[in-house]
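One structure is given below, encoded as structure tokens.
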Amino acid sequence: MRKIINNPDDFVDEFVEGILLAHPTLLKTPGDDRRVLVRADAPVAGKVGIVTGGGSGHLPLFKGYVGMGLCDGVAIGNVFSSPSSEQVLKATQAVDGGAGVLYLFGNYGGDVLNFELAADLAEMEDIETLSVLGTDDVASQPHERKADRRGVAGILFAYKCAGAAAERGDDLAAVAAAAQDAIDHTGTMGIGLSPTILPSAGKPTFELADGEMEVGIGIHGEPGIHRGALESADLIAARLLTPILDDLDIASGDRIAVLVNGMGATPLEELYVLYRRIFQLTSERGLTIAKSYIGEYATSLEMAGASISVLKLNDDRLELLNAPAHSPFFREA
Amino acid sequence: MRKIINNPDDFVDEFVEGILLAHPTLLKTPGDDRRVLVRADAPVAGKVGIVTGGGSGHLPLFKGYVGMGLCDGVAIGNVFSSPSSEQVLKATQAVDGGAGVLYLFGNYGGDVLNFELAADLAEMEDIETLSVLGTDDVASQPHERKADRRGVAGILFAYKCAGAAAERGDDLAAVAAAAQDAIDHTGTMGIGLSPTILPSAGKPTFELADGEMEVGIGIHGEPGIHRGALESADLIAARLLTPILDDLDIASGDRIAVLVNGMGATPLEELYVLYRRIFQLTSERGLTIAKSYIGEYATSLEMAGASISVLKLNDDRLELLNAPAHSPFFREA
Amino acid sequence: MNTPELKTAIADGLARLSTHADELRDLDAALGDGDLGITVSSGSQAVIDALGQLDDSVSPSEVAKACAKAFANANPSTMAALVAGGLLAGSKVWSGKTTIDLTDSIDFAQAAADSISTRGKSQRGDKTILDALMPAIDALRTAPTTDTALSAAIAAAEKGVEDTKGVQSRRGRAAWLQERSIGLADPGATAFLRFLQEWKTR
Amino acid sequence: MNTPELKTAIADGLARLSTHADELRDLDAALGDGDLGITVSSGSQAVIDALGQLDDSVSPSEVAKACAKAFANANPSTMAALVAGGLLAGSKVWSGKTTIDLTDSIDFAQAAADSISTRGKSQRGDKTILDALMPAIDALRTAPTTDTALSAAIAAAEKGVEDTKGVQSRRGRAAWLQERSIGLADPGATAFLRFLQEWKTR
Ligand SMILES: Nc1ncnc2c1ncn2[C@@H]1O[C@H](COP(=O)(O)OP(=O)(O)O)[C@@H](O)[C@H]1O
Ligand SMILES: Nc1ncnc2c1ncn2[C@@H]1O[C@H](COP(=O)(O)OP(=O)(O)O)[C@@H](O)[C@H]1O
Ligand SMILES: [Mg+2]
Ligand SMILES: [Mg+2]
Ligand SMILES: [Mg+2]
Ligand SMILES: [Mg+2]
């Protein structure tokens with residue numbers, strides 16, 4: 001292991017404490033549960049609250065997207081594990097400004113069940129909730145089963161759109177619709193070059209030889225659709241991009257937003273090498289990249305690899321993307 | 001190798017092209033040399049220009065700190081290699097707004113020599129230059145030889161202070177003084193847990209067994225002052241922080257800025273585990289952290305490891321740190 | 001069984017369940033994310049701890065509820081949430097009872113299975129815990145004597161687990177593997193089988 | 001030597017220098033950053049290419065300048081910058097000359113050494129290229145005949161490289177190693193020795 005940690009069992013509590021100590025003006029924890037973070041100004045009266053959550057080990061996902069113009073709260077699970085329904089409920093209570101709460105999170109069994117349970121509990125407290133699930137990983141299910149896909153880095157677009165919609169005063173149904181609309185027009189595909197080691201397990205989550213790549217990998221190292229010898233960056237860009245563009249039915253003249261995401265150990269330089277090829281490929285197809293994000297937005301601890309996400313744009317979505325947002329980990333001016 | 005690259009010889013040109021394609025409103029290249037990037041609005045008439053530069057493989061260092069309130073231009077070397085004097089000169093010409101140019105870069109033999117040569121050439125064109133060197137790595141030389149130390153992540157503070165000084169209209173001598181003042185009050189120490197592989201070399205820059213750590217490592221994997229079994233995050237925080245505080249003679253009541261920097265493959269979560277302990281240790285010493293930066297600011301490709309930088313603050317320095325800045329990789333609102 | 005007996009039975013039944021943690025982790029690592037070992041070991045421990053806090057005067061239904069809550073929060077994964085939901089559902093059919101017999105156990109298990117199926121949108125044959133749980137319930141129902149019921153349930157669960165090897169996962173993380181999931185036993189079904197076996201030898 | 005002879009001599013002398021790239025990389029990896037192999041091989045190639053572009057009518061001084069520029073830009077490391085600066089300084093002492101003899105070569109080398117020492121703020125004994133270059137110049141000066149001068153310079157440089165093993169690096173990256181730098185030969189000094197050896201067998 002090459003980890004800068006103390007007792008692995010304390011890992012999550014300690015880094016969340018670090019986040020709270022570093023960003024006291026932006027984030028707070030309701031009560032004494034360090035597994036729930038909310039905006040420092042929560043609840044914002046009259047505004048729809050947005051709660052996300054999921055396993056740890058993906059920073060800046062999920063905790064990093066709590067802030068103005070983004071989510072209002074997050075429930076924090078152990079590394080790669082769902083938060084409990086109790087934690088989701090606490091986040092819900094803390095962000096409810098009277099206009100209801102949107103649950104926006106990735107499509108993972110444990111998360112779905114715990115958010116569902118939390119929704120039942122919130123209902124008993126007369127807090128209205130709606131749920132929208134991130135299902136952007138095109139490698140995880142065929143087009144016809146889009147709703148069953150895993151949620152990966154592309155949820156960023158949904159956070160940004162839903163967060164902006166909530167901030168401008170949309171009601172719960174409209175905020176949920178903005179989130180769902182973003183997800184409906186988002187596709188992601190990733191490639192893994194090395195596995196992750198969970199702090200508590202101390203061994204790799206999967207085996208991948210040096211010089212091999214797993215195409216379509218999930219952000220917990222879930223197997224993809226192809227394993228083979230590592231290819232050039234230009235070929236990888238095409239391998240990841242083409243299925244997404246096809247899946248979203250993106251055609252000449254369309255505007256898109258692109259997210260090139262590093263999974264942890266891949267240098268930023270390599271992400272820009274990918275972006276260069278993405279720019280060329282999309283130009284050739286007659287597309288315009290109206291917005292780009294290049295960096296680490298959803299990681300898998302120290303996995304080497306990257307993913308490409310595409311959001312098909314229209315004026316609405318572009319306006320929501322460009323709306324101001326501010327968290328310790330994300331900023332749109 | 002676990003790299004997303006094409007031909008290793010094209011690596012630098014390709015990622016720089018990616019940066020230009022992604023950020024055309026913020027950055028441009030003067031002429032056709034992709035090894036020189038400057039602010040899109042360069043030269044800013046009447047403003048002191050700041051040129052930095054150094055080897056590639058450290059993103060967001062150095063290219064990432066070209067922007068409003070930061071540097072005006074950068075000369076880009078191969079991976080871990082100096083840029084040429086010709087490239088530095090081109091950057092100098094492109095950013096000179098008539099008020100002279102500050103060279104602000106890390107203390108590495110090749111860089112020093114090439115910037116010196118460029119200064120000679122600039123003088124022949126009647127462009128006044130001054131040079132300030134980053135020398136913040138406390139592990140690389142004892143206190144008495146501070147001027148001979150390596151420059152590492154702490155140069156961020158100098159960029160920020162000098163950039164803000166230039167932006168508010170300080171003259172060349174004053175901008176250089178702001179940079180030197182920041183460097184005089186900055187110390188950094190790093191730890192490495194795994195080596196880097198240079199794209200062209202294809203093999204690790206140094207050997208470090210799994211479970212070992214190199215304390216005091218440089219950002220090219222230069223050996224530090226201690227190699228031993230990996231310790232807990234809390235012990236590492238103390239090992240890195242204490243020598244810096246001693247070196248800077250920081251005492252109870254002082255205000256500091258802290259930068260916890262990831263070297264490439266270390267998850268953000270681990271940086272926050274470190275920050276938590278730094279907060280505790282500095283609180284115990286009666287210090288106030290008035291500003292903190294946690295993330296990847298100066299990397300070594302995919303090295304696992306982290307560094308801690310501390311800037312001793314006074315009102316001036318804090319004001320300069322808080323001044324607005326904006327590049328594709330760094331923002332202060 | 002009355003409450004004290006039930007508490008002891010559960011605690012004893014779970015005492016050695018964590019010895020199967022490695023097997024379950026490896027199965028889940030191959031088909032999912034590898035955390036089922038943790039869910040089962042930290043979940044059992046949490047239940048044992050919760051039972052230790054529980055007064056002997058509470059009803060069997062309260063015992064089941066406490067188990068559900070403890071298991072849900074220990075490592076809140078899919079299995080944890082489904083099993084906890086199942087235990088909660090079971091606790092409802094026990095409400096009012098002060099002792100528990102075989103029929104009550106069957107009713108409990110059936111309510112749990114129904115809850116898992118509803119919440120998980122899953123059926124027998126989807127390669128989940130239900131493929132061990134449902135045959136076991138059938139076996140309990142048709143067992144000629146109370147004495148042989150548990151052994152019959154174990155045999156049925158064993159066959160159920162074996163059968164999951166031949167099919168493709170249709171629910172949870174393992175479903176993403178599609179054809180590649182064929183050949184391995186379902187981790188959740190295996191976990192239930194190990195629980196029954198430990199229950200027998202407690 | 002006139003310009004065409006000089007150009008051929010340099011190109012031939014550098015032709016096989018890159019065969020030492022691995023040795024230099026490994027030495028520099030142990031004491032510095034490992035790029036000296038690249039500096040030397042891409043630098044030699046750049047010089048050879050530049051010479052190919054150069055007209056035979058230019059002066060020996062222009063030849064040296066062109067070499068300096070090519071070597072400086074190929075892989076602009078410390079060695080590249082110091083050597084290029086040295087070549088530029090040497091080119092100045094050749095100005096006005098159309099042919100070059102041994103004395104001219106010695107003057108050139110001395111000017112180069114002085115430039116490296118000034119720019120590098122380094123002296124003999126600091127464990128740098130100067131520890132091979134300066135003894136070699138001395139040997140050239142005191143050699144009894146022109147024929148034996150080169151062999152004497154090589155022998156002196158060899159001893160100089162050997163001597164660097166015993167001392168601590170005081171300049172460049174290797175200085176950061178402090179005591180840990182003792183025991184290994186200086187990479188830059190070794191590179192100069194290999195150059196002399198290749199020059200002899202060209
Ligand atoms: N929708 C579902 N319905 C019933 N059982 C399920 C469902 N999804 C998963 N399971 C069961 O849960 C097991 C995996 O549990 P667990 O490791 O906790 O899941 P995860 O780590 O994906 O949250 C599977 O082997 C299967 O038996
Ligand atoms: N200040 C100096 N003066 C003279 N020679 C030096 C100096 N610094 C370094 N060198 C020489 O340069 C060699 C290293 O060259 P190089 O690998 O190009 O350096 P770097 O990679 O650090 O830029 C050393 O072995 C030494 O001979
Ligand atoms: Mg799990
Ligand atoms: Mg170098
Ligand atoms: Mg699992
Ligand atoms: Mg070197």
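Ordering of the structure tokens sets the chain letters (A, B, ...), residue numbers begin anew at 1 in every chain, and ligands are numbered from 1 in the order given.
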Legend entry - Contact residues around Gly262 of chain B with only C-alpha atoms at 8 Å, ignoring same-chain residues under 5 positions, as JSON, numbers by chain: {"B": [267, 268, 271, 295, 296, 297, 298, 299, 304, 305, 306, 307]}
Inset, instruction - Dump as a PyMOL selection string the residues of chain C that approach chain A to within 8 Å, counting only C-alpha atoms. - result: chain C and resi 29+32-35+72-73+75-82+119-120+172-173+176-177
Write out the residues from the selection above, keeping N, CA and C atoms, as a PDB file, in the first residue's frame.
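This went into result_33.pdb:
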```
ATOM      1  N   ALA C  29     -16.076  -9.812  -4.838  1.00  0.00           N
ATOM      2  CA  ALA C  29     -15.048  -9.111  -5.619  1.00  0.00           C
ATOM      3  C   ALA C  29     -15.104  -9.559  -7.075  1.00  0.00           C
ATOM      4  N   GLY C  32     -18.883  -8.299  -7.981  1.00  0.00           N
ATOM      5  CA  GLY C  32     -19.343  -6.959  -7.616  1.00  0.00           C
ATOM      6  C   GLY C  32     -18.195  -6.137  -7.084  1.00  0.00           C
ATOM      7  N   ASP C  33     -18.326  -5.623  -5.880  1.00  0.00           N
ATOM      8  CA  ASP C  33     -17.308  -4.706  -5.379  1.00  0.00           C
ATOM      9  C   ASP C  33     -16.530  -5.237  -4.180  1.00  0.00           C
ATOM     10  N   GLY C  34     -16.824  -6.446  -3.772  1.00  0.00           N
ATOM     11  CA  GLY C  34     -15.970  -7.068  -2.756  1.00  0.00           C
ATOM     12  C   GLY C  34     -16.259  -6.688  -1.320  1.00  0.00           C
ATOM     13  N   ASP C  35     -17.378  -5.994  -1.070  1.00  0.00           N
ATOM     14  CA  ASP C  35     -17.603  -5.562   0.309  1.00  0.00           C
ATOM     15  C   ASP C  35     -18.551  -6.457   1.095  1.00  0.00           C
ATOM     16  N   ALA C  72     -28.661  -2.669   9.187  1.00  0.00           N
ATOM     17  CA  ALA C  72     -28.774  -1.645   8.135  1.00  0.00           C
ATOM     18  C   ALA C  72     -27.648  -0.630   8.206  1.00  0.00           C
ATOM     19  N   ASN C  73     -27.274  -0.249   9.429  1.00  0.00           N
ATOM     20  CA  ASN C  73     -26.327   0.853   9.571  1.00  0.00           C
ATOM     21  C   ASN C  73     -24.866   0.439   9.626  1.00  0.00           C
ATOM     22  N   ASN C  75     -22.853  -1.604   7.664  1.00  0.00           N
ATOM     23  CA  ASN C  75     -22.215  -1.299   6.365  1.00  0.00           C
ATOM     24  C   ASN C  75     -23.339  -1.249   5.340  1.00  0.00           C
ATOM     25  N   PRO C  76     -23.872  -0.058   5.148  1.00  0.00           N
ATOM     26  CA  PRO C  76     -25.149   0.064   4.439  1.00  0.00           C
ATOM     27  C   PRO C  76     -25.041  -0.226   2.932  1.00  0.00           C
ATOM     28  N   SER C  77     -24.812  -1.470   2.588  1.00  0.00           N
ATOM     29  CA  SER C  77     -24.754  -1.875   1.186  1.00  0.00           C
ATOM     30  C   SER C  77     -26.121  -2.404   0.747  1.00  0.00           C
ATOM     31  N   THR C  78     -26.170  -2.911  -0.467  1.00  0.00           N
ATOM     32  CA  THR C  78     -27.420  -3.463  -0.984  1.00  0.00           C
ATOM     33  C   THR C  78     -27.963  -4.566  -0.078  1.00  0.00           C
ATOM     34  N   MET C  79     -27.109  -5.544   0.218  1.00  0.00           N
ATOM     35  CA  MET C  79     -27.536  -6.650   1.075  1.00  0.00           C
ATOM     36  C   MET C  79     -28.017  -6.134   2.418  1.00  0.00           C
ATOM     37  N   ALA C  80     -27.283  -5.195   2.987  1.00  0.00           N
ATOM     38  CA  ALA C  80     -27.656  -4.668   4.296  1.00  0.00           C
ATOM     39  C   ALA C  80     -29.042  -4.047   4.238  1.00  0.00           C
ATOM     40  N   ALA C  81     -29.278  -3.246   3.193  1.00  0.00           N
ATOM     41  CA  ALA C  81     -30.567  -2.569   3.094  1.00  0.00           C
ATOM     42  C   ALA C  81     -31.687  -3.565   2.818  1.00  0.00           C
ATOM     43  N   LEU C  82     -31.434  -4.536   1.960  1.00  0.00           N
ATOM     44  CA  LEU C  82     -32.481  -5.514   1.633  1.00  0.00           C
ATOM     45  C   LEU C  82     -32.783  -6.415   2.819  1.00  0.00           C
ATOM     46  N   ARG C 119     -38.701  -4.539  -2.854  1.00  0.00           N
ATOM     47  CA  ARG C 119     -37.720  -3.447  -2.852  1.00  0.00           C
ATOM     48  C   ARG C 119     -36.663  -3.647  -3.931  1.00  0.00           C
ATOM     49  N   GLY C 120     -36.254  -4.892  -4.114  1.00  0.00           N
ATOM     50  CA  GLY C 120     -35.165  -5.166  -5.063  1.00  0.00           C
ATOM     51  C   GLY C 120     -35.657  -5.364  -6.485  1.00  0.00           C
ATOM     52  N   GLY C 172     -28.466  -5.850  -9.221  1.00  0.00           N
ATOM     53  CA  GLY C 172     -27.280  -5.395  -8.492  1.00  0.00           C
ATOM     54  C   GLY C 172     -26.080  -5.216  -9.409  1.00  0.00           C
ATOM     55  N   ARG C 173     -24.952  -4.953  -8.774  1.00  0.00           N
ATOM     56  CA  ARG C 173     -23.710  -4.723  -9.499  1.00  0.00           C
ATOM     57  C   ARG C 173     -23.376  -5.835 -10.477  1.00  0.00           C
ATOM     58  N   TRP C 176     -24.107  -5.924 -14.256  1.00  0.00           N
ATOM     59  CA  TRP C 176     -23.286  -5.213 -15.251  1.00  0.00           C
ATOM     60  C   TRP C 176     -22.327  -6.158 -15.963  1.00  0.00           C
ATOM     61  N   LEU C 177     -22.065  -7.294 -15.304  1.00  0.00           N
ATOM     62  CA  LEU C 177     -21.129  -8.250 -15.911  1.00  0.00           C
ATOM     63  C   LEU C 177     -21.759  -9.009 -17.060  1.00  0.00           C
TER      64      LEU C 177
END
```
Inset, instruction - Give me, as a PyMOL selection string, the contact residues of chain B against chain A at a cut-off of 8 Å, counting only C-alpha atoms. - result: chain B and resi 1-7+11+14-19+21-22+57+59-60+193-194+210-212+230-234+236+264-276+279+292+301-302+304-305
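Taking atom CA of Leu17 of chain D as the reference point, atom 21 (O, counted along the ligand's line) of ligand 2 is found at 17.9 Å.
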Legend entry - Selection: 9 Å around Gln178 of chain C, only C-alpha atoms, excl. self and same-chain fewer than 6 positions, as a list in words: Gln141 of chain A; Gln168, Ser169 and Arg170 of chain C
Produce a file of the selected residues containing all heavy atoms, as an mmCIF file, in the first residue's frame.
```
data_model
loop_
_atom_site.group_PDB
_atom_site.id
_atom_site.type_symbol
_atom_site.label_atom_id
_atom_site.label_comp_id
_atom_site.auth_asym_id
_atom_site.auth_seq_id
_atom_site.Cartn_x
_atom_site.Cartn_y
_atom_site.Cartn_z
ATOM 1 N N GLN A 141 -24.803 -0.795 -19.774
ATOM 2 C CA GLN A 141 -26.029 -1.410 -20.287
ATOM 3 C C GLN A 141 -26.264 -0.891 -21.701
ATOM 4 O O GLN A 141 -25.854 0.235 -22.007
ATOM 5 C CB GLN A 141 -27.255 -1.045 -19.436
ATOM 6 C CG GLN A 141 -27.289 -1.649 -18.044
ATOM 7 C CD GLN A 141 -27.580 -3.138 -18.026
ATOM 8 O OE1 GLN A 141 -27.927 -3.724 -19.056
ATOM 9 N NE2 GLN A 141 -27.392 -3.756 -16.865
ATOM 10 N N GLN C 168 -27.178 -15.951 -15.327
ATOM 11 C CA GLN C 168 -26.607 -14.618 -15.435
ATOM 12 C C GLN C 168 -27.234 -13.721 -14.371
ATOM 13 O O GLN C 168 -28.442 -13.777 -14.144
ATOM 14 C CB GLN C 168 -26.964 -14.127 -16.838
ATOM 15 C CG GLN C 168 -26.327 -12.835 -17.247
ATOM 16 C CD GLN C 168 -26.538 -12.598 -18.757
ATOM 17 O OE1 GLN C 168 -26.523 -13.538 -19.568
ATOM 18 N NE2 GLN C 168 -26.749 -11.358 -19.126
ATOM 19 N N SER C 169 -26.432 -12.889 -13.743
ATOM 20 C CA SER C 169 -26.975 -11.968 -12.738
ATOM 21 C C SER C 169 -27.886 -10.950 -13.408
ATOM 22 O O SER C 169 -27.524 -10.371 -14.426
ATOM 23 C CB SER C 169 -25.839 -11.218 -12.028
ATOM 24 O OG SER C 169 -25.038 -12.089 -11.306
ATOM 25 N N ARG C 170 -29.034 -10.729 -12.797
ATOM 26 C CA ARG C 170 -29.959 -9.756 -13.384
ATOM 27 C C ARG C 170 -30.217 -8.561 -12.456
ATOM 28 O O ARG C 170 -30.926 -7.636 -12.815
ATOM 29 C CB ARG C 170 -31.280 -10.432 -13.753
ATOM 30 C CG ARG C 170 -31.105 -11.538 -14.816
ATOM 31 C CD ARG C 170 -32.401 -12.306 -15.048
ATOM 32 N NE ARG C 170 -33.492 -11.419 -15.369
ATOM 33 C CZ ARG C 170 -33.760 -10.948 -16.600
ATOM 34 N NH1 ARG C 170 -33.001 -11.320 -17.609
ATOM 35 N NH2 ARG C 170 -34.773 -10.146 -16.806
#
```
